[in-house]
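> Got a structure for you, questions after.
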Amino acid sequence: MKRWGILVLLIIVIPLFLNGNRKTVLIKLYAEEWGIHIPIPKDSEELWGSEVSFNGDGEWINVFSYGTELNLINSGMKLITEESVSKVNSQIKNFIQTTILLYRDEKINKKLEQIQVKAQMGDYYFYKSKNNGNDYLIAIYINSEKKLYTFEWHQ
């Protein structure tokens, strides 16, 4: 009976540890690869992710939750202004629509269409691309939600 208790404990604890470690690893990777410096969140969730291919291609949407509003002045993120708000929302929409077209799968389409991230003036964003635009990261911090959404594309 004691063995079952240990097994059940491991089944519960390991995923919690991996999720905590996952968010730390992602935040560090974003800093190293993209130059965006954001604090470690309280919680994180992968909203959608493609299967990782052999050469690392794929698309991922993550959300990082914070308990308080962040100071992002030295993060590399930019304040969304009246001039930039439509461009930022267009980039998010383009990511989702292009991903839907790429997979053409009804189940995936429904999941992606449920992801409703809309930036407003006063929020923060980050965009950087590499390899002639084949790889890019969009990050949107929504002040009212205290959440950071990332959209990562690698082709």
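Naming scheme: A, B, ... for chains in displayed order of the structure tokens; residues 1 onward per chain; ligands 1 onward as shown.
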Please extract the residues of chain A with a backbone DSSP assignment of strand (DSSP E) and present them as JSON, numbers by chain.
{"A": [43, 44, 45, 46, 47, 48, 49, 58, 59, 60, 61, 62, 63, 64, 65, 78, 79, 124, 125, 126, 127, 128, 129, 130, 135, 136, 137, 138, 139, 140, 141, 142, 147, 148, 149, 150, 151, 152, 153, 154]}
> Write out as number ranges by chain which residues come within 7 Å of segment 37-51 of chain A when counting only C-alpha atoms, dropping same-chain ones fewer than 5 positions away.
A: 23-24, 27, 31, 58-67, 75-76
> Save out the residues we just selected, N, CA and C atoms, as an mmCIF file, in the first residue's frame.

```cif
data_model
loop_
_atom_site.group_PDB
_atom_site.id
_atom_site.type_symbol
_atom_site.label_atom_id
_atom_site.label_comp_id
_atom_site.auth_asym_id
_atom_site.auth_seq_id
_atom_site.Cartn_x
_atom_site.Cartn_y
_atom_site.Cartn_z
ATOM 1 N N LYS A 23 7.986 27.085 -16.982
ATOM 2 C CA LYS A 23 7.820 28.530 -17.119
ATOM 3 C C LYS A 23 9.153 29.243 -16.925
ATOM 4 N N THR A 24 9.979 28.769 -16.001
ATOM 5 C CA THR A 24 11.294 29.374 -15.787
ATOM 6 C C THR A 24 12.179 29.177 -17.007
ATOM 7 N N ILE A 27 10.986 31.502 -19.926
ATOM 8 C CA ILE A 27 11.340 32.902 -19.693
ATOM 9 C C ILE A 27 12.830 33.120 -19.964
ATOM 10 N N ALA A 31 14.675 35.352 -23.111
ATOM 11 C CA ALA A 31 15.723 36.345 -22.883
ATOM 12 C C ALA A 31 16.943 36.057 -23.750
ATOM 13 N N GLY A 58 7.659 24.779 -35.553
ATOM 14 C CA GLY A 58 6.412 24.678 -34.833
ATOM 15 C C GLY A 58 5.872 26.034 -34.437
ATOM 16 N N GLU A 59 4.698 26.006 -33.838
ATOM 17 C CA GLU A 59 4.012 27.207 -33.405
ATOM 18 C C GLU A 59 3.500 26.955 -31.988
ATOM 19 N N TRP A 60 3.630 27.973 -31.135
ATOM 20 C CA TRP A 60 3.213 27.831 -29.752
ATOM 21 C C TRP A 60 2.571 29.119 -29.267
ATOM 22 N N ILE A 61 1.524 28.954 -28.466
ATOM 23 C CA ILE A 61 0.883 30.086 -27.801
ATOM 24 C C ILE A 61 0.872 29.768 -26.312
ATOM 25 N N ASN A 62 1.498 30.640 -25.536
ATOM 26 C CA ASN A 62 1.581 30.472 -24.091
ATOM 27 C C ASN A 62 0.993 31.691 -23.398
ATOM 28 N N VAL A 63 0.509 31.481 -22.186
ATOM 29 C CA VAL A 63 0.058 32.598 -21.359
ATOM 30 C C VAL A 63 0.735 32.466 -19.998
ATOM 31 N N PHE A 64 1.252 33.590 -19.519
ATOM 32 C CA PHE A 64 1.929 33.656 -18.227
ATOM 33 C C PHE A 64 1.127 34.592 -17.339
ATOM 34 N N SER A 65 0.760 34.126 -16.154
ATOM 35 C CA SER A 65 -0.077 34.900 -15.233
ATOM 36 C C SER A 65 0.768 35.491 -14.114
ATOM 37 N N TYR A 66 0.488 36.751 -13.815
ATOM 38 C CA TYR A 66 1.167 37.471 -12.746
ATOM 39 C C TYR A 66 0.108 37.966 -11.762
ATOM 40 N N GLY A 67 0.436 38.048 -10.510
ATOM 41 C CA GLY A 67 -0.519 38.506 -9.504
ATOM 42 C C GLY A 67 -0.630 40.017 -9.429
ATOM 43 N N SER A 75 12.275 45.813 -20.042
ATOM 44 C CA SER A 75 12.061 44.444 -20.505
ATOM 45 C C SER A 75 12.366 44.253 -21.992
ATOM 46 N N GLY A 76 12.389 45.354 -22.733
ATOM 47 C CA GLY A 76 12.489 45.253 -24.192
ATOM 48 C C GLY A 76 11.122 45.383 -24.845
#
```
> Choose the residue, out of A:Gly35, A:Ile142, A:Asn131, A:Leu29, that has the smallest atom-to-atom separation from Asn74 of chain A; count only C-alpha atoms.
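Closest to Asn74 of chain A, using only C-alpha atoms: A:Gly35.
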> Give me every helix (DSSP H, G or I) residue in segment 54-152 of chain A, going by DSSP on the backbone, as a ChimeraX atom specification.
/A:85-103,106-113,131-133
> Hey, can you check how far atom CA of Tyr127 of chain A sits from atom CA of Leu101 of chain A?
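Result for atom CA of Tyr127 of chain A versus atom CA of Leu101 of chain A: 21.7 Å, one decimal.
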